[in-house]
>>> print(open('my_file24.tsv').read())   # TSV, C-alpha atoms
chain	number	residue	atom	x	y	z
A	1	MET	CA	28.72	145.59	-75.90
A	2	THR	CA	28.20	145.40	-72.14
A	3	LEU	CA	26.24	148.67	-72.10
A	4	ALA	CA	24.17	147.54	-75.07
A	5	ALA	CA	23.43	144.26	-73.29
A	6	VAL	CA	22.37	146.15	-70.15
A	7	ALA	CA	19.98	148.25	-72.24
A	8	ILE	CA	18.47	145.14	-73.82
A	9	VAL	CA	18.05	143.40	-70.45
A	10	LEU	CA	16.40	146.48	-68.92
A	11	VAL	CA	13.87	146.59	-71.73
A	12	ALA	CA	13.39	142.84	-72.07
A	13	VAL	CA	12.85	141.96	-68.43
A	14	PRO	CA	11.64	144.62	-65.96
A	15	PHE	CA	10.13	147.06	-68.45
A	16	ALA	CA	8.46	144.32	-70.46
A	17	THR	CA	7.01	142.92	-67.23
A	18	LEU	CA	5.59	146.31	-66.25
A	19	LEU	CA	4.26	146.89	-69.75
A	20	PHE	CA	2.50	143.51	-69.81
A	21	GLU	CA	0.90	144.15	-66.41
A	22	VAL	CA	-0.37	147.56	-67.48
A	23	LEU	CA	-1.73	146.38	-70.82
A	24	ALA	CA	-3.35	143.29	-69.29
A	25	LYS	CA	-4.65	145.19	-66.24
A	26	GLY	CA	-3.01	142.60	-64.01
A	27	PRO	CA	-2.62	142.50	-60.21
A	28	LEU	CA	0.00	145.23	-60.31
A	29	THR	CA	-2.51	147.76	-61.61
A	30	ARG	CA	-4.82	147.13	-58.64
A	31	LEU	CA	-1.90	147.61	-56.27
A	32	ASP	CA	-1.05	150.79	-58.18
A	33	THR	CA	-4.47	152.26	-57.45
A	34	ARG	CA	-4.30	151.48	-53.73
A	35	ILE	CA	-0.84	153.01	-53.41
A	36	ALA	CA	-1.88	156.14	-55.31
A	37	ASN	CA	-4.84	156.75	-53.01
A	38	ARG	CA	-2.90	156.09	-49.81
A	39	LEU	CA	-0.12	158.48	-50.77
A	40	ASN	CA	-2.69	161.06	-51.80
A	41	ASP	CA	-4.34	160.79	-48.37
A	42	VAL	CA	-0.99	161.50	-46.70
A	43	VAL	CA	0.04	164.48	-48.82
A	44	TYR	CA	-3.08	166.49	-49.58
A	45	ARG	CA	-3.48	167.69	-45.98
A	46	SER	CA	-0.11	169.51	-46.01
A	47	PRO	CA	0.13	172.59	-48.29
A	48	ALA	CA	3.83	172.93	-47.42
A	49	ALA	CA	4.56	169.38	-48.53
A	50	VAL	CA	2.58	169.91	-51.73
A	51	ARG	CA	4.55	173.07	-52.49
A	52	ILE	CA	7.87	171.30	-51.99
A	53	LEU	CA	6.75	168.45	-54.22
A	54	GLU	CA	5.68	170.91	-56.91
A	55	ILE	CA	9.12	172.55	-56.84
A	56	ILE	CA	10.85	169.17	-57.14
A	57	SER	CA	8.47	168.16	-59.92
A	58	TRP	CA	9.22	171.43	-61.77
A	59	MET	CA	12.86	170.34	-62.05
A	60	GLY	CA	11.69	167.45	-64.21
A	61	LYS	CA	9.34	169.41	-66.47
A	62	PRO	CA	10.24	169.33	-70.17
A	63	VAL	CA	10.84	173.10	-70.30
A	64	SER	CA	13.21	172.93	-67.31
A	65	LEU	CA	15.15	170.03	-68.80
A	66	TRP	CA	15.34	171.77	-72.18
A	67	ILE	CA	16.76	174.92	-70.61
A	68	VAL	CA	19.34	173.05	-68.54
A	69	GLY	CA	20.29	170.81	-71.47
A	70	ALA	CA	20.57	173.72	-73.92
A	71	ILE	CA	22.79	175.74	-71.60
A	72	ALA	CA	25.02	172.73	-70.94
A	73	ALA	CA	25.25	171.79	-74.63
A	74	GLY	CA	26.02	175.40	-75.56
A	75	TYR	CA	28.80	175.59	-72.98
A	76	VAL	CA	30.31	172.27	-74.06
A	77	TRP	CA	30.18	173.34	-77.72
A	78	TRP	CA	31.86	176.66	-76.84
A	79	ARG	CA	34.61	174.76	-75.06
A	80	GLY	CA	35.30	172.89	-78.31
A	81	ARG	CA	33.79	169.53	-77.30
A	82	HIS	CA	31.37	169.17	-80.18
A	83	ARG	CA	30.99	165.43	-79.77
A	84	LEU	CA	29.79	165.90	-76.18
A	85	ALA	CA	27.42	168.68	-77.23
A	86	ALA	CA	25.85	166.32	-79.76
A	87	PHE	CA	25.50	163.67	-77.05
A	88	LEU	CA	23.71	166.16	-74.77
A	89	VAL	CA	21.26	167.12	-77.52
A	90	VAL	CA	20.58	163.81	-79.29
A	91	THR	CA	20.23	161.61	-76.20
A	92	PRO	CA	17.34	163.52	-74.53
A	93	VAL	CA	15.59	164.30	-77.84
A	94	VAL	CA	15.47	160.67	-78.94
A	95	GLY	CA	14.53	159.64	-75.41
A	96	GLY	CA	11.59	162.03	-75.52
A	97	LEU	CA	10.43	160.52	-78.81
A	98	ILE	CA	10.62	157.03	-77.31
A	99	ASP	CA	8.61	158.15	-74.28
A	100	THR	CA	5.91	159.69	-76.48
A	101	ALA	CA	5.69	156.58	-78.66
A	102	VAL	CA	5.28	154.27	-75.66
A	103	LYS	CA	2.65	156.55	-74.09
A	104	ILE	CA	0.63	156.45	-77.30
A	105	LEU	CA	1.00	152.67	-77.57
A	106	VAL	CA	-0.04	151.95	-73.98
A	107	ASN	CA	-2.68	154.72	-73.73
A	108	ARG	CA	-3.00	154.46	-69.94
A	109	PRO	CA	-5.20	157.07	-68.20
A	110	ARG	CA	-3.89	159.12	-65.29
A	111	PRO	CA	-4.79	158.07	-61.71
A	112	HIS	CA	-8.12	159.18	-60.25
A	113	VAL	CA	-7.41	159.86	-56.58
A	114	ASP	CA	-9.82	160.88	-53.84
A	115	HIS	CA	-8.26	164.30	-53.25
A	116	PRO	CA	-6.68	165.62	-56.49
A	117	ILE	CA	-3.67	167.85	-55.88
A	118	ALA	CA	-2.22	168.40	-59.34
A	119	THR	CA	-3.19	167.77	-62.93
A	120	ALA	CA	-1.16	166.66	-65.92
A	121	ALA	CA	-1.83	166.37	-69.62
A	122	GLY	CA	-1.22	163.28	-71.70
A	123	LYS	CA	-1.15	159.63	-70.80
A	124	SER	CA	0.32	158.01	-67.75
A	125	PHE	CA	2.70	155.16	-68.67
A	126	PRO	CA	5.62	155.63	-68.50
A	127	SER	CA	6.23	158.74	-66.41
A	128	GLY	CA	7.77	161.33	-68.71
A	129	HIS	CA	9.27	163.21	-65.76
A	130	SER	CA	10.98	160.05	-64.49
A	131	MET	CA	12.26	158.98	-67.89
A	132	SER	CA	13.36	162.41	-69.11
A	133	SER	CA	15.05	163.28	-65.81
A	134	THR	CA	16.93	159.98	-65.85
A	135	ILE	CA	18.13	160.62	-69.39
A	136	THR	CA	18.87	164.36	-69.17
A	137	TYR	CA	20.49	164.51	-65.73
A	138	GLY	CA	22.21	161.19	-66.40
A	139	ALA	CA	23.69	162.54	-69.63
A	140	LEU	CA	24.80	165.74	-67.86
A	141	LEU	CA	26.45	163.65	-65.15
A	142	LEU	CA	28.35	161.50	-67.63
A	143	VAL	CA	29.52	164.52	-69.62
A	144	PHE	CA	30.61	166.75	-66.70
A	145	LEU	CA	31.94	164.05	-64.35
A	146	PRO	CA	35.53	164.49	-65.62
A	147	ALA	CA	35.37	168.15	-64.54
A	148	PHE	CA	35.21	167.06	-60.88
A	149	ARG	CA	38.16	165.79	-58.92
A	150	ARG	CA	38.01	162.07	-58.24
A	151	ARG	CA	37.26	162.38	-54.53
A	152	TRP	CA	34.11	164.40	-55.32
A	153	ARG	CA	32.77	162.19	-58.09
A	154	PRO	CA	30.93	159.65	-55.87
A	155	TYR	CA	29.08	162.54	-54.20
A	156	VAL	CA	28.16	164.03	-57.59
A	157	VAL	CA	26.82	160.66	-58.74
A	158	ALA	CA	24.87	160.23	-55.49
A	159	ALA	CA	23.39	163.73	-55.72
A	160	THR	CA	22.24	163.10	-59.30
A	161	VAL	CA	20.61	159.81	-58.32
A	162	VAL	CA	18.82	161.46	-55.39
A	163	LEU	CA	17.56	164.28	-57.62
A	164	VAL	CA	16.16	161.90	-60.25
A	165	LEU	CA	14.52	159.68	-57.62
A	166	ALA	CA	13.02	162.73	-55.92
A	167	ILE	CA	11.50	163.94	-59.20
A	168	GLY	CA	9.92	160.56	-59.84
A	169	CYS	CA	8.59	160.32	-56.29
A	170	SER	CA	7.13	163.82	-56.51
A	171	ARG	CA	4.98	162.75	-59.44
A	172	LEU	CA	3.76	159.77	-57.48
A	173	LEU	CA	2.98	161.80	-54.36
A	174	LEU	CA	1.21	164.52	-56.34
A	175	GLY	CA	-1.16	161.86	-57.63
A	176	VAL	CA	-0.48	162.26	-61.35
A	177	HIS	CA	1.26	158.91	-61.83
A	178	PHE	CA	1.03	155.33	-60.64
A	179	LEU	CA	4.02	153.61	-59.05
A	180	SER	CA	4.47	151.43	-62.14
A	181	ASP	CA	4.56	154.59	-64.30
A	182	VAL	CA	7.44	156.01	-62.30
A	183	ILE	CA	9.40	152.74	-62.18
A	184	GLY	CA	8.77	152.21	-65.88
A	185	GLY	CA	10.10	155.69	-66.61
A	186	PHE	CA	13.26	155.04	-64.63
A	187	VAL	CA	13.87	151.67	-66.29
A	188	LEU	CA	13.22	152.82	-69.84
A	189	GLY	CA	15.27	155.97	-69.24
A	190	LEU	CA	18.22	153.94	-67.98
A	191	ALA	CA	17.90	151.56	-70.91
A	192	TRP	CA	18.05	154.35	-73.47
A	193	LEU	CA	20.85	156.15	-71.62
A	194	ALA	CA	22.90	152.93	-71.56
A	195	ALA	CA	22.29	152.45	-75.30
A	196	ALA	CA	23.33	156.06	-76.01
A	197	VAL	CA	26.52	155.65	-73.97
A	198	ALA	CA	27.27	152.40	-75.82
A	199	ALA	CA	26.92	154.23	-79.14
A	200	PHE	CA	29.17	157.04	-77.88
A	201	GLU	CA	31.77	154.50	-76.72
A	202	THR	CA	31.71	152.84	-80.15
A	203	TRP	CA	32.26	156.27	-81.72
A	204	ARG	CA	35.33	156.76	-79.50
A	205	GLU	CA	36.80	153.37	-80.33
A	206	GLU	CA	36.35	153.93	-84.05
A	207	GLU	CA	38.59	156.98	-83.65
A	208	GLY	CA	41.22	154.95	-81.80
A	209	ARG	CA	40.50	156.25	-78.29
A	210	ARG	CA	40.66	154.06	-75.21
A	211	ARG	CA	37.66	152.51	-73.54
A	212	THR	CA	36.21	154.34	-70.55
A	213	ASP	CA	34.42	153.54	-67.32
A	214	PRO	CA	31.53	156.04	-67.64
A	215	LEU	CA	30.33	155.88	-64.03
A	216	SER	CA	33.76	156.71	-62.61
A	217	GLU	CA	35.31	158.95	-65.28
A	218	GLY	CA	32.52	160.05	-67.61
A	219	VAL	CA	32.04	159.37	-71.30
A	220	GLU	CA	35.03	161.48	-72.34
A	221	PRO	CA	37.67	161.74	-69.58
A	222	GLU	CA	39.96	163.84	-71.75
A	223	ALA	CA	37.45	166.68	-71.64
A	224	GLY	CA	38.02	167.36	-67.95
A	225	PRO	CA	40.45	170.31	-68.29
A	226	ALA	CA	38.30	172.01	-70.94
A	227	LEU	CA	35.12	171.62	-68.92
A	228	ARG	CA	36.88	173.01	-65.82
A	229	ASP	CA	38.08	176.00	-67.83
A	230	ASP	CA	41.67	174.78	-67.30
A	231	ALA	CA	42.34	174.83	-71.02
A	232	PRO	CA	41.92	177.49	-73.74
A	233	VAL	CA	38.79	177.39	-75.87
A	234	SER	CA	39.39	175.33	-79.03
>>> encode(input="my_file24.tsv", output="structure tokens")
Amino acid sequence: MTLAAVAIVLVAVPFATLLFEVLAKGPLTRLDTRIANRLNDVVYRSPAAVRILEIISWMGKPVSLWIVGAIAAGYVWWRGRHRLAAFLVVTPVVGGLIDTAVKILVNRPRPHVDHPIATAAGKSFPSGHSMSSTITYGALLLVFLPAFRRRWRPYVVAATVVLVLAIGCSRLLLGVHFLSDVIGGFVLGLAWLAAAVAAFETWREEEGRRRTDPLSEGVEPEAGPALRDDAPVS
């Protein structure tokens, strides 16, 4: 219930605020344009910086996320954790459908900066890279966290957060998204991920399993030995 409430609050307050500003072309949209052009002025002069940003951005491309997610889901399924494999497949797929639906609804054009660096197809709000990276890498984190020893888990969480933030920032610096697009992608991605975890937790409780603390022990702590290859394949 707590996770479901968090998901509702994330959608109802910050995301709804961003959505209203974008649809109404409020003050935030004018700030968005200024920020996009200033960041573009900083980055376009440095080919090395652009190349690094393109590499980071590539890690959030749909094809990259599909490959990583498919490999992870296949491994988890092979290790006999079919419930976790379903979580790794369903969560990003439904998240992608939500992102597409919101993009169509809002229909926001991409930024037009003074010195274009990169191009992107589709509409701008919310950032698909930001949202999909939040959902996919977040789901991977919550599934594989039990495989790490407790002293390493805070570092794994921190590394995942840094990666997702870097992907979102790369889209902003490359000039293919506004700041509100990137923030909106993060917020909506977190909302859907929280809702998916809440559904997974309900599934566990219906089977008589204990409640978990997903951020410290993952969505299925019992899977740790299997994911570490400490147990035979089921």
>>> atom_distance(input="my_file24.tsv", atom1="atom CA of Asp99 of chain A", atom2="atom CA of Leu215 of chain A")
24.1 Å
>>> atom_distance(input="my_file24.tsv", atom1="atom CA of Ser127 of chain A", atom2="atom CA of Asp41 of chain A")
21.0 Å
>>> residues_around(input="my_file24.tsv", residues="Val68 of chain A", least_positions_apart="4", cutoff="12 Å", atoms="all atoms listed in the file", output="VMD selection string")
chain A and resid 59 to 64 72 to 75 88 to 89 92 133 136 to 137 139 to 140
>>> residues_around(input="my_file24.tsv", residues="Phe125 of chain A", least_positions_apart="4", cutoff="7 Å", atoms="all atoms listed in the file", output="PyMOL selection string")
chain A and resi 103+106+108+181
>>> closest_residue(input="my_file24.tsv", among="A:Ala226, A:Val164, A:Ala195, A:Leu179", to="Gly95 of chain A", atoms="all atoms listed in the file")
A:Ala195
>>> atom_distance(input="my_file24.tsv", atom1="atom CA of Ser124 of chain A", atom2="atom CA of Leu53 of chain A")
18.3 Å
>>> closest_residue(input="my_file24.tsv", among="A:Met131, A:Val94, A:Ala120, A:Leu227", to="Ile167 of chain A", atoms="all atoms listed in the file")
A:Met131
>>> residues_near_point(input="my_file24.tsv", point="(-1.1, 169.6, -64.7)", cutoff="12 Å", atoms="all atoms listed in the file", output="NGL selection string")
:A and (54 or 57-58 or 61 or 110 or 116-123 or 171 or 174-177)
>>> axis_aligned_box(input="my_file24.tsv", around="segment 45-48 of chain A", padding_each_side="6 Å", output="lines of an AutoDock Vina configuration file")
center_x = 0.2
center_y = 170.3
center_z = -47.1
size_x = 19.3
size_y = 17.2
size_z = 14.3
>>> residues_near_point(input="my_file24.tsv", point="(9.6, 152.6, -59.9)", cutoff="10 Å", atoms="only C-alpha atoms", output="ChimeraX atom specification")
/A:18,126-127,130,165,168-169,172,178-187
>>> closest_residue(input="my_file24.tsv", among="A:Phe87, A:Phe200, A:Tyr44, A:Trp78", to="Thr212 of chain A", atoms="all atoms listed in the file")
A:Phe200
>>> closest_residue(input="my_file24.tsv", among="A:Arg81, A:Arg149, A:His129, A:Arg51", to="Glu222 of chain A", atoms="only C-alpha atoms")
A:Arg81
>>> closest_residue(input="my_file24.tsv", among="A:Ala101, A:Val93, A:Leu145, A:Ala223", to="Trp77 of chain A", atoms="all atoms listed in the file")
A:Ala223
>>> closest_residue(input="my_file24.tsv", among="A:Gly80, A:Gly69, A:Gly128, A:Pro111", to="Asn37 of chain A", atoms="only C-alpha atoms")
A:Pro111
>>> decode(input="my_file24.tsv", residues="segment 104-119 of chain A", atoms="all heavy atoms", output="PDB file, in the first residue's frame")
ATOM      1  N   ILE A 104       2.019  10.748 -27.067  1.00  0.00           N
ATOM      2  CA  ILE A 104       0.967  11.022 -28.045  1.00  0.00           C
ATOM      3  C   ILE A 104      -0.027  12.045 -27.499  1.00  0.00           C
ATOM      4  O   ILE A 104      -0.466  12.965 -28.209  1.00  0.00           O
ATOM      5  CB  ILE A 104       0.253   9.720 -28.444  1.00  0.00           C
ATOM      6  CG1 ILE A 104       1.225   8.803 -29.201  1.00  0.00           C
ATOM      7  CG2 ILE A 104      -0.980  10.003 -29.287  1.00  0.00           C
ATOM      8  CD1 ILE A 104       0.673   7.412 -29.465  1.00  0.00           C
ATOM      9  N   LEU A 105      -0.377  11.900 -26.235  1.00  0.00           N
ATOM     10  CA  LEU A 105      -1.331  12.811 -25.604  1.00  0.00           C
ATOM     11  C   LEU A 105      -0.795  14.242 -25.558  1.00  0.00           C
ATOM     12  O   LEU A 105      -1.493  15.193 -25.910  1.00  0.00           O
ATOM     13  CB  LEU A 105      -1.653  12.331 -24.182  1.00  0.00           C
ATOM     14  CG  LEU A 105      -2.480  13.289 -23.321  1.00  0.00           C
ATOM     15  CD1 LEU A 105      -3.894  13.436 -23.882  1.00  0.00           C
ATOM     16  CD2 LEU A 105      -2.530  12.796 -21.869  1.00  0.00           C
ATOM     17  N   VAL A 106       0.453  14.394 -25.137  1.00  0.00           N
ATOM     18  CA  VAL A 106       1.026  15.730 -24.954  1.00  0.00           C
ATOM     19  C   VAL A 106       1.442  16.343 -26.291  1.00  0.00           C
ATOM     20  O   VAL A 106       1.260  17.535 -26.538  1.00  0.00           O
ATOM     21  CB  VAL A 106       2.228  15.668 -23.988  1.00  0.00           C
ATOM     22  CG1 VAL A 106       2.879  17.038 -23.846  1.00  0.00           C
ATOM     23  CG2 VAL A 106       1.775  15.147 -22.619  1.00  0.00           C
ATOM     24  N   ASN A 107       2.051  15.511 -27.166  1.00  0.00           N
ATOM     25  CA  ASN A 107       2.414  15.954 -28.522  1.00  0.00           C
ATOM     26  C   ASN A 107       3.348  17.173 -28.500  1.00  0.00           C
ATOM     27  O   ASN A 107       3.166  18.132 -29.253  1.00  0.00           O
ATOM     28  CB  ASN A 107       1.151  16.273 -29.321  1.00  0.00           C
ATOM     29  CG  ASN A 107       1.428  16.350 -30.819  1.00  0.00           C
ATOM     30  OD1 ASN A 107       2.280  15.651 -31.349  1.00  0.00           O
ATOM     31  ND2 ASN A 107       0.714  17.231 -31.508  1.00  0.00           N
ATOM     32  N   ARG A 108       4.361  17.125 -27.665  1.00  0.00           N
ATOM     33  CA  ARG A 108       5.294  18.254 -27.550  1.00  0.00           C
ATOM     34  C   ARG A 108       6.456  18.109 -28.533  1.00  0.00           C
ATOM     35  O   ARG A 108       7.116  17.064 -28.560  1.00  0.00           O
ATOM     36  CB  ARG A 108       5.860  18.325 -26.127  1.00  0.00           C
ATOM     37  CG  ARG A 108       6.694  19.567 -25.874  1.00  0.00           C
ATOM     38  CD  ARG A 108       7.360  19.524 -24.516  1.00  0.00           C
ATOM     39  NE  ARG A 108       7.770  20.857 -24.088  1.00  0.00           N
ATOM     40  CZ  ARG A 108       8.449  21.097 -22.977  1.00  0.00           C
ATOM     41  NH1 ARG A 108       8.798  20.087 -22.170  1.00  0.00           N
ATOM     42  NH2 ARG A 108       8.776  22.326 -22.639  1.00  0.00           N
ATOM     43  N   PRO A 109       6.741  19.130 -29.326  1.00  0.00           N
ATOM     44  CA  PRO A 109       7.869  19.052 -30.268  1.00  0.00           C
ATOM     45  C   PRO A 109       9.215  19.019 -29.537  1.00  0.00           C
ATOM     46  O   PRO A 109       9.317  19.445 -28.378  1.00  0.00           O
ATOM     47  CB  PRO A 109       7.741  20.336 -31.097  1.00  0.00           C
ATOM     48  CG  PRO A 109       6.357  20.839 -30.845  1.00  0.00           C
ATOM     49  CD  PRO A 109       6.000  20.382 -29.461  1.00  0.00           C
ATOM     50  N   ARG A 110      10.227  18.532 -30.215  1.00  0.00           N
ATOM     51  CA  ARG A 110      11.586  18.532 -29.681  1.00  0.00           C
ATOM     52  C   ARG A 110      12.130  19.965 -29.615  1.00  0.00           C
ATOM     53  O   ARG A 110      11.648  20.859 -30.316  1.00  0.00           O
ATOM     54  CB  ARG A 110      12.500  17.701 -30.583  1.00  0.00           C
ATOM     55  CG  ARG A 110      12.110  16.244 -30.685  1.00  0.00           C
ATOM     56  CD  ARG A 110      12.689  15.428 -29.577  1.00  0.00           C
ATOM     57  NE  ARG A 110      12.297  14.022 -29.690  1.00  0.00           N
ATOM     58  CZ  ARG A 110      12.721  13.067 -28.868  1.00  0.00           C
ATOM     59  NH1 ARG A 110      13.566  13.363 -27.903  1.00  0.00           N
ATOM     60  NH2 ARG A 110      12.319  11.821 -29.015  1.00  0.00           N
ATOM     61  N   PRO A 111      13.165  20.187 -28.797  1.00  0.00           N
ATOM     62  CA  PRO A 111      13.765  21.540 -28.740  1.00  0.00           C
ATOM     63  C   PRO A 111      14.404  21.932 -30.070  1.00  0.00           C
ATOM     64  O   PRO A 111      14.904  21.081 -30.810  1.00  0.00           O
ATOM     65  CB  PRO A 111      14.847  21.388 -27.654  1.00  0.00           C
ATOM     66  CG  PRO A 111      14.483  20.167 -26.881  1.00  0.00           C
ATOM     67  CD  PRO A 111      13.788  19.257 -27.842  1.00  0.00           C
ATOM     68  N   HIS A 112      14.382  23.221 -30.357  1.00  0.00           N
ATOM     69  CA  HIS A 112      15.100  23.779 -31.508  1.00  0.00           C
ATOM     70  C   HIS A 112      16.216  24.654 -30.953  1.00  0.00           C
ATOM     71  O   HIS A 112      15.981  25.789 -30.537  1.00  0.00           O
ATOM     72  CB  HIS A 112      14.160  24.591 -32.397  1.00  0.00           C
ATOM     73  CG  HIS A 112      13.121  23.768 -33.087  1.00  0.00           C
ATOM     74  ND1 HIS A 112      13.414  22.948 -34.145  1.00  0.00           N
ATOM     75  CD2 HIS A 112      11.798  23.613 -32.840  1.00  0.00           C
ATOM     76  CE1 HIS A 112      12.310  22.322 -34.544  1.00  0.00           C
ATOM     77  NE2 HIS A 112      11.312  22.712 -33.766  1.00  0.00           N
ATOM     78  N   VAL A 113      17.436  24.101 -30.925  1.00  0.00           N
ATOM     79  CA  VAL A 113      18.571  24.825 -30.350  1.00  0.00           C
ATOM     80  C   VAL A 113      19.382  25.491 -31.450  1.00  0.00           C
ATOM     81  O   VAL A 113      19.248  25.171 -32.631  1.00  0.00           O
ATOM     82  CB  VAL A 113      19.468  23.876 -29.519  1.00  0.00           C
ATOM     83  CG1 VAL A 113      18.718  23.374 -28.294  1.00  0.00           C
ATOM     84  CG2 VAL A 113      19.939  22.693 -30.363  1.00  0.00           C
ATOM     85  N   ASP A 114      20.247  26.406 -31.044  1.00  0.00           N
ATOM     86  CA  ASP A 114      21.027  27.180 -32.015  1.00  0.00           C
ATOM     87  C   ASP A 114      22.050  26.341 -32.764  1.00  0.00           C
ATOM     88  O   ASP A 114      22.355  26.602 -33.932  1.00  0.00           O
ATOM     89  CB  ASP A 114      21.731  28.338 -31.308  1.00  0.00           C
ATOM     90  CG  ASP A 114      20.749  29.336 -30.716  1.00  0.00           C
ATOM     91  OD1 ASP A 114      19.634  29.453 -31.274  1.00  0.00           O
ATOM     92  OD2 ASP A 114      21.072  29.984 -29.702  1.00  0.00           O
ATOM     93  N   HIS A 115      22.611  25.342 -32.075  1.00  0.00           N
ATOM     94  CA  HIS A 115      23.662  24.523 -32.689  1.00  0.00           C
ATOM     95  C   HIS A 115      23.310  23.048 -32.506  1.00  0.00           C
ATOM     96  O   HIS A 115      23.820  22.388 -31.586  1.00  0.00           O
ATOM     97  CB  HIS A 115      25.022  24.818 -32.047  1.00  0.00           C
ATOM     98  CG  HIS A 115      25.361  26.275 -32.016  1.00  0.00           C
ATOM     99  ND1 HIS A 115      25.808  26.958 -33.119  1.00  0.00           N
ATOM    100  CD2 HIS A 115      25.291  27.183 -30.997  1.00  0.00           C
ATOM    101  CE1 HIS A 115      26.024  28.223 -32.792  1.00  0.00           C
ATOM    102  NE2 HIS A 115      25.719  28.385 -31.523  1.00  0.00           N
ATOM    103  N   PRO A 116      22.447  22.493 -33.350  1.00  0.00           N
ATOM    104  CA  PRO A 116      22.004  21.098 -33.185  1.00  0.00           C
ATOM    105  C   PRO A 116      23.184  20.121 -33.166  1.00  0.00           C
ATOM    106  O   PRO A 116      24.101  20.229 -33.978  1.00  0.00           O
ATOM    107  CB  PRO A 116      21.119  20.870 -34.411  1.00  0.00           C
ATOM    108  CG  PRO A 116      20.688  22.228 -34.836  1.00  0.00           C
ATOM    109  CD  PRO A 116      21.844  23.139 -34.519  1.00  0.00           C
ATOM    110  N   ILE A 117      23.149  19.216 -32.221  1.00  0.00           N
ATOM    111  CA  ILE A 117      24.199  18.207 -32.073  1.00  0.00           C
ATOM    112  C   ILE A 117      23.684  16.834 -32.480  1.00  0.00           C
ATOM    113  O   ILE A 117      24.355  16.083 -33.179  1.00  0.00           O
ATOM    114  CB  ILE A 117      24.698  18.157 -30.616  1.00  0.00           C
ATOM    115  CG1 ILE A 117      25.310  19.503 -30.218  1.00  0.00           C
ATOM    116  CG2 ILE A 117      25.719  17.030 -30.433  1.00  0.00           C
ATOM    117  CD1 ILE A 117      25.655  19.584 -28.747  1.00  0.00           C
ATOM    118  N   ALA A 118      22.493  16.505 -32.009  1.00  0.00           N
ATOM    119  CA  ALA A 118      21.908  15.189 -32.265  1.00  0.00           C
ATOM    120  C   ALA A 118      20.459  15.364 -32.681  1.00  0.00           C
ATOM    121  O   ALA A 118      19.862  16.423 -32.480  1.00  0.00           O
ATOM    122  CB  ALA A 118      22.008  14.314 -31.020  1.00  0.00           C
ATOM    123  N   THR A 119      19.906  14.334 -33.254  1.00  0.00           N
ATOM    124  CA  THR A 119      18.499  14.333 -33.630  1.00  0.00           C
ATOM    125  C   THR A 119      17.816  13.135 -32.989  1.00  0.00           C
ATOM    126  O   THR A 119      18.469  12.148 -32.627  1.00  0.00           O
ATOM    127  CB  THR A 119      18.324  14.258 -35.156  1.00  0.00           C
ATOM    128  OG1 THR A 119      18.967  13.065 -35.640  1.00  0.00           O
ATOM    129  CG2 THR A 119      18.936  15.479 -35.835  1.00  0.00           C
TER     130      THR A 119
END
